[in-house]
There are 2 protein chains.
Amino acid sequence: MRISELSRESGVPIATIKFYLREGLLPPGTRTARNQAVYDASHLRRLRLVRVLVEVGGLSLVAVRRVVEALADDSTPLPELLGAAHYALDAGPVTRGPQLEATTREVASWITARGWKVSEAAPAMTALAGALLALRQLGWSVGPEVFERYATHADDLAGDEIVYVANAPTREAALESTVVGTVVFERALVALRRLAQEHHSRARLHDY
Amino acid sequence: MRISELSRESGVPIATIKFYLREGLLPPGTRTARNQAVYDASHLRRLRLVRVLVEVGGLSLVAVRRVVEALADDSTPLPELLGAAHYALDAGPVTRGPQLEATTREVASWITARGWKVSEAAPAMTALAGALLALRQLGWSVGPEVFERYATHADDLAGDEIVYVANAPTREAALESTVVGTVVFERALVALRRLAQEHHSRARLHDY
């Protein structure tokens, strides 16, 4: 297909596609004339992936290039490939401070004791430490155990999500599933929790 | 206590406290001399609340003032007070578009059918519709039911969270619990889900 058709199919403007081609985020098409090239289904898939990474995942172009390079290198094992995408995703703002490092170590030991094998350097570990620190600054005398129920729910959700990723037909599809699973369903979960809070609040606090 | 002690106790700089006083977010202290006033425990509590609303909740000053005014008016029923805070919280970015309204209605009927009584105008409803729209733009032919498991987990978490708020000793404490519960635990939940994904991913995809 021509670039105009690729644009129509993907909903991505031609100028953006040309930018992705120049930046190496999208492999070049097959040249058919001096100023013309044709693209195939693999370009459409890649374009969709880049769009998910940028628009849904909020990845910077540098981060997208790193992920795309890991994807192109067949020797990158799938867990590492997914890890590259996962770690590049924005984990939200964290108020840095002298206590954050100590709190991160505290949170990491709790996570390890719960039986999860994850890196202490995971951005989500810092984000979790930031949440604990916020509670303490508000005067709550609590440890990481305050998050226990949340960890149980998260564990239950993630177990099924990974099965979905593991069943993806290609590495590219697995990568897309990871980003979509992490970002889109995360937004859905957050929104649903707020709606559930509104529902329970109306039901329980009515005669307060 | 003097303003310097209020600053030390709360960790909020004197200049910021003066700004909150000028903006009416903090009630004035008791004047003891032409340029001096003293503050009590109620000021410390209010300062802590404003700080949570601004720093943790990401509320604008206008939104904080609205919440503080609702709090000062004893005739505001608690569910309305909590609702004012809840709705003022940032629900994250949503890509607006012509399809968003129709998707919001679709999502709202599903929520109603699940038995939750919430307003269709809730910011979280729009956020949920945005998530569904993102999936469809990625080629997933799915309805709101794709979020069913997430709704179940959200419902279970929120039920307990509201009991906690309902047991708060004062209206101010209930309001603080709502904001902390919504924002801080939301961050913790999101972080824990990502950590759980990393753990399950390493465990399951190892021999992929």
# chains A, B, ... in the order shown; residues from 1 in each chain; ligands from 1
>>> closest_atom_pairs(of="segment 160-208 of chain B", to="segment 64-77 of chain B", cutoff="10 Å", atoms="only C-alpha atoms", output="tab-separated table")
residue	atom	partner	partner_atom	distance
B:Arg171	CA	B:Leu71	CA	7.4
B:Glu172	CA	B:Leu71	CA	7.1
B:Leu175	CA	B:Leu71	CA	8.4
>>> residues_around(residues="segment 8-17 of chain B", least_positions_apart="5", cutoff="12 Å", atoms="only C-alpha atoms", output="list in words")
Gln137, Leu138 and Gly139 of chain A; Met1, Arg2, Ile3, Arg22, Glu23, Gly24, Leu25, Leu26, Pro27, Pro28, Gly29, Tyr39, Asp40, Ala41, His43, Leu44, Arg45, Arg46, Leu47, Arg48, Leu49, Val50, Arg51, Val52, Val54 and Glu55 of chain B
>>> write_last_selection(atoms="N, CA and C atoms", output="compact mmCIF listing (two decimals), in the first residue's frame")
# COMPACT_ATOMS: atom_id res chain seq x y z
N GLN A 137 3.87 11.18 56.06
CA GLN A 137 3.91 12.64 56.19
C GLN A 137 2.58 13.17 56.67
N LEU A 138 1.53 12.38 56.45
CA LEU A 138 0.20 12.77 56.91
C LEU A 138 -0.07 12.30 58.33
N GLY A 139 0.95 11.71 58.95
CA GLY A 139 0.79 11.32 60.34
C GLY A 139 0.35 9.88 60.57
N MET B 1 0.27 28.42 69.06
CA MET B 1 1.63 28.42 68.53
C MET B 1 1.81 29.55 67.52
N ARG B 2 3.07 29.98 67.36
CA ARG B 2 3.38 31.03 66.39
C ARG B 2 3.47 30.42 64.98
N ILE B 3 3.48 31.27 63.96
CA ILE B 3 3.51 30.77 62.58
C ILE B 3 4.77 29.94 62.32
N ARG B 22 -3.85 34.23 53.05
CA ARG B 22 -4.35 35.28 52.16
C ARG B 22 -5.46 34.77 51.25
N GLU B 23 -5.29 33.50 50.78
CA GLU B 23 -6.26 32.92 49.84
C GLU B 23 -7.50 32.36 50.55
N GLY B 24 -7.50 32.42 51.88
CA GLY B 24 -8.65 31.93 52.63
C GLY B 24 -8.73 30.41 52.74
N LEU B 25 -7.65 29.71 52.45
CA LEU B 25 -7.66 28.25 52.55
C LEU B 25 -7.43 27.83 54.00
N LEU B 26 -6.88 28.76 54.78
CA LEU B 26 -6.58 28.52 56.18
C LEU B 26 -7.23 29.67 56.96
N PRO B 27 -8.05 29.38 58.01
CA PRO B 27 -8.67 30.48 58.75
C PRO B 27 -7.61 31.30 59.50
N PRO B 28 -7.86 32.61 59.69
CA PRO B 28 -6.87 33.45 60.36
C PRO B 28 -6.64 32.99 61.81
N GLY B 29 -5.43 33.25 62.32
CA GLY B 29 -5.14 32.93 63.71
C GLY B 29 -5.71 34.00 64.64
N TYR B 39 -1.76 30.32 66.47
CA TYR B 39 -2.53 29.27 65.79
C TYR B 39 -2.66 28.07 66.72
N ASP B 40 -3.69 27.24 66.46
CA ASP B 40 -3.86 26.06 67.32
C ASP B 40 -3.90 24.77 66.50
N ALA B 41 -4.24 23.69 67.19
CA ALA B 41 -4.24 22.37 66.55
C ALA B 41 -5.17 22.31 65.33
N HIS B 43 -5.63 24.61 63.15
CA HIS B 43 -4.91 25.16 62.00
C HIS B 43 -3.96 24.12 61.41
N LEU B 44 -3.32 23.37 62.31
CA LEU B 44 -2.38 22.34 61.87
C LEU B 44 -3.11 21.27 61.05
N ARG B 45 -4.30 20.88 61.57
CA ARG B 45 -5.10 19.87 60.86
C ARG B 45 -5.53 20.37 59.49
N ARG B 46 -6.01 21.64 59.44
CA ARG B 46 -6.47 22.19 58.17
C ARG B 46 -5.32 22.33 57.17
N LEU B 47 -4.16 22.73 57.70
CA LEU B 47 -2.98 22.88 56.86
C LEU B 47 -2.60 21.54 56.22
N ARG B 48 -2.68 20.50 57.04
CA ARG B 48 -2.36 19.16 56.57
C ARG B 48 -3.35 18.74 55.48
N LEU B 49 -4.63 19.08 55.68
CA LEU B 49 -5.66 18.75 54.70
C LEU B 49 -5.41 19.48 53.37
N VAL B 50 -5.13 20.78 53.46
CA VAL B 50 -4.88 21.57 52.24
C VAL B 50 -3.69 21.00 51.48
N ARG B 51 -2.66 20.63 52.26
CA ARG B 51 -1.47 20.05 51.66
C ARG B 51 -1.78 18.74 50.92
N VAL B 52 -2.62 17.90 51.53
CA VAL B 52 -3.01 16.64 50.88
C VAL B 52 -3.78 16.93 49.60
N VAL B 54 -3.70 19.60 47.70
CA VAL B 54 -2.86 20.21 46.66
C VAL B 54 -1.78 19.24 46.18
N GLU B 55 -1.00 18.70 47.12
CA GLU B 55 0.17 17.93 46.72
C GLU B 55 -0.12 16.49 46.35
>>> interface_residues(of="chain A", to="chain B", cutoff="8 Å", atoms="only C-alpha atoms", output="MDAnalysis selection string")
chainID A and resid 48 52 56 77:79 83 91 116:118 122 124:125 127:128 131 134:135 138 147 149:151 153:155 157:159 161:163 166 180 182 184:202 204:206 208
>>> write_last_selection(atoms="C-alpha atoms", output="PDB file, in the first residue's frame")
ATOM      1  CA  ARG A  48      -0.029   0.739  15.638  1.00  0.00           C
ATOM      2  CA  VAL A  52       0.309   2.707  21.560  1.00  0.00           C
ATOM      3  CA  VAL A  56      -1.230   5.352  25.427  1.00  0.00           C
ATOM      4  CA  PRO A  77      14.510 -12.831  25.299  1.00  0.00           C
ATOM      5  CA  LEU A  78      10.807 -12.006  25.615  1.00  0.00           C
ATOM      6  CA  PRO A  79      10.879 -11.200  29.374  1.00  0.00           C
ATOM      7  CA  GLY A  83      10.722  -5.463  30.802  1.00  0.00           C
ATOM      8  CA  ALA A  91       4.984   5.427  36.671  1.00  0.00           C
ATOM      9  CA  TRP A 116       7.397 -11.596  44.579  1.00  0.00           C
ATOM     10  CA  LYS A 117      10.671 -11.667  42.710  1.00  0.00           C
ATOM     11  CA  VAL A 118      11.136  -8.168  41.285  1.00  0.00           C
ATOM     12  CA  ALA A 122      11.681  -1.074  39.316  1.00  0.00           C
ATOM     13  CA  ALA A 124       6.922   0.959  40.497  1.00  0.00           C
ATOM     14  CA  MET A 125       8.950   0.170  43.651  1.00  0.00           C
ATOM     15  CA  ALA A 127       6.244   4.835  43.308  1.00  0.00           C
ATOM     16  CA  LEU A 128       5.061   2.488  46.062  1.00  0.00           C
ATOM     17  CA  ALA A 131       2.847   6.380  48.515  1.00  0.00           C
ATOM     18  CA  ALA A 134       2.975  10.346  51.724  1.00  0.00           C
ATOM     19  CA  LEU A 135       0.910   8.441  54.306  1.00  0.00           C
ATOM     20  CA  LEU A 138       0.196  12.771  56.914  1.00  0.00           C
ATOM     21  CA  PHE A 147      -1.023  -2.146  51.322  1.00  0.00           C
ATOM     22  CA  ARG A 149      -5.102  -6.125  50.531  1.00  0.00           C
ATOM     23  CA  TYR A 150      -4.116  -4.091  47.487  1.00  0.00           C
ATOM     24  CA  ALA A 151      -1.195  -6.442  46.851  1.00  0.00           C
ATOM     25  CA  HIS A 153      -5.872  -7.922  44.417  1.00  0.00           C
ATOM     26  CA  ALA A 154      -2.961  -6.836  42.213  1.00  0.00           C
ATOM     27  CA  ASP A 155      -1.468 -10.328  42.351  1.00  0.00           C
ATOM     28  CA  LEU A 157      -5.205  -9.509  38.370  1.00  0.00           C
ATOM     29  CA  ALA A 158      -1.599  -9.725  37.146  1.00  0.00           C
ATOM     30  CA  GLY A 159      -1.545 -13.526  37.155  1.00  0.00           C
ATOM     31  CA  GLU A 161      -2.901 -10.714  32.566  1.00  0.00           C
ATOM     32  CA  ILE A 162       0.403 -12.468  32.011  1.00  0.00           C
ATOM     33  CA  VAL A 163      -1.319 -15.588  30.691  1.00  0.00           C
ATOM     34  CA  ALA A 166       2.085 -15.397  27.006  1.00  0.00           C
ATOM     35  CA  VAL A 180      -2.086  -2.085  26.537  1.00  0.00           C
ATOM     36  CA  THR A 182      -0.366  -2.107  31.744  1.00  0.00           C
ATOM     37  CA  VAL A 184      -5.156   1.005  29.351  1.00  0.00           C
ATOM     38  CA  PHE A 185      -6.369  -1.494  31.939  1.00  0.00           C
ATOM     39  CA  GLU A 186      -4.596   0.473  34.645  1.00  0.00           C
ATOM     40  CA  ARG A 187      -6.688   3.511  33.725  1.00  0.00           C
ATOM     41  CA  ALA A 188      -9.798   1.369  33.672  1.00  0.00           C
ATOM     42  CA  LEU A 189      -9.002  -0.091  37.104  1.00  0.00           C
ATOM     43  CA  VAL A 190      -8.414   3.352  38.607  1.00  0.00           C
ATOM     44  CA  ALA A 191     -11.642   4.697  37.094  1.00  0.00           C
ATOM     45  CA  LEU A 192     -13.664   1.690  38.253  1.00  0.00           C
ATOM     46  CA  ARG A 193     -12.341   2.002  41.805  1.00  0.00           C
ATOM     47  CA  ARG A 194     -13.470   5.634  41.915  1.00  0.00           C
ATOM     48  CA  LEU A 195     -16.907   4.726  40.565  1.00  0.00           C
ATOM     49  CA  ALA A 196     -17.187   1.917  43.118  1.00  0.00           C
ATOM     50  CA  GLN A 197     -16.217   4.384  45.862  1.00  0.00           C
ATOM     51  CA  GLU A 198     -18.963   6.738  44.724  1.00  0.00           C
ATOM     52  CA  HIS A 199     -21.496   3.923  44.730  1.00  0.00           C
ATOM     53  CA  HIS A 200     -20.525   2.628  48.187  1.00  0.00           C
ATOM     54  CA  SER A 201     -20.266   6.149  49.555  1.00  0.00           C
ATOM     55  CA  ARG A 202     -23.819   6.972  48.482  1.00  0.00           C
ATOM     56  CA  ARG A 204     -23.280   3.754  53.184  1.00  0.00           C
ATOM     57  CA  LEU A 205     -23.016   7.410  54.134  1.00  0.00           C
ATOM     58  CA  HIS A 206     -26.575   8.354  53.266  1.00  0.00           C
ATOM     59  CA  TYR A 208     -24.433   9.876  58.273  1.00  0.00           C
TER      60      TYR A 208
END
>>> select_by_dssp(residues="segment 73-202 of chain B", states="alpha helix (DSSP H)", output="ChimeraX atom specification")
/B:78-88,98-113,123-137,148-166,171-179,185-202
>>> closest_residue(among="A:Tyr164, A:Arg105, A:Leu53, A:Ala63", to="Ala84 of chain A", atoms="only C-alpha atoms")
A:Ala63
>>> atom_distance(atom1="atom CA of Val107 of chain B", atom2="atom CA of Gly143 of chain B")
8.3 Å
>>> select_by_dssp(residues="segment 4-104 of chain A", states="strand (DSSP E)", output="PyMOL selection string")
chain A and resi 30-33+36-38
>>> atom_distance(atom1="atom CA of Glu5 of chain B", atom2="atom CA of Lys18 of chain B")
13.3 Å
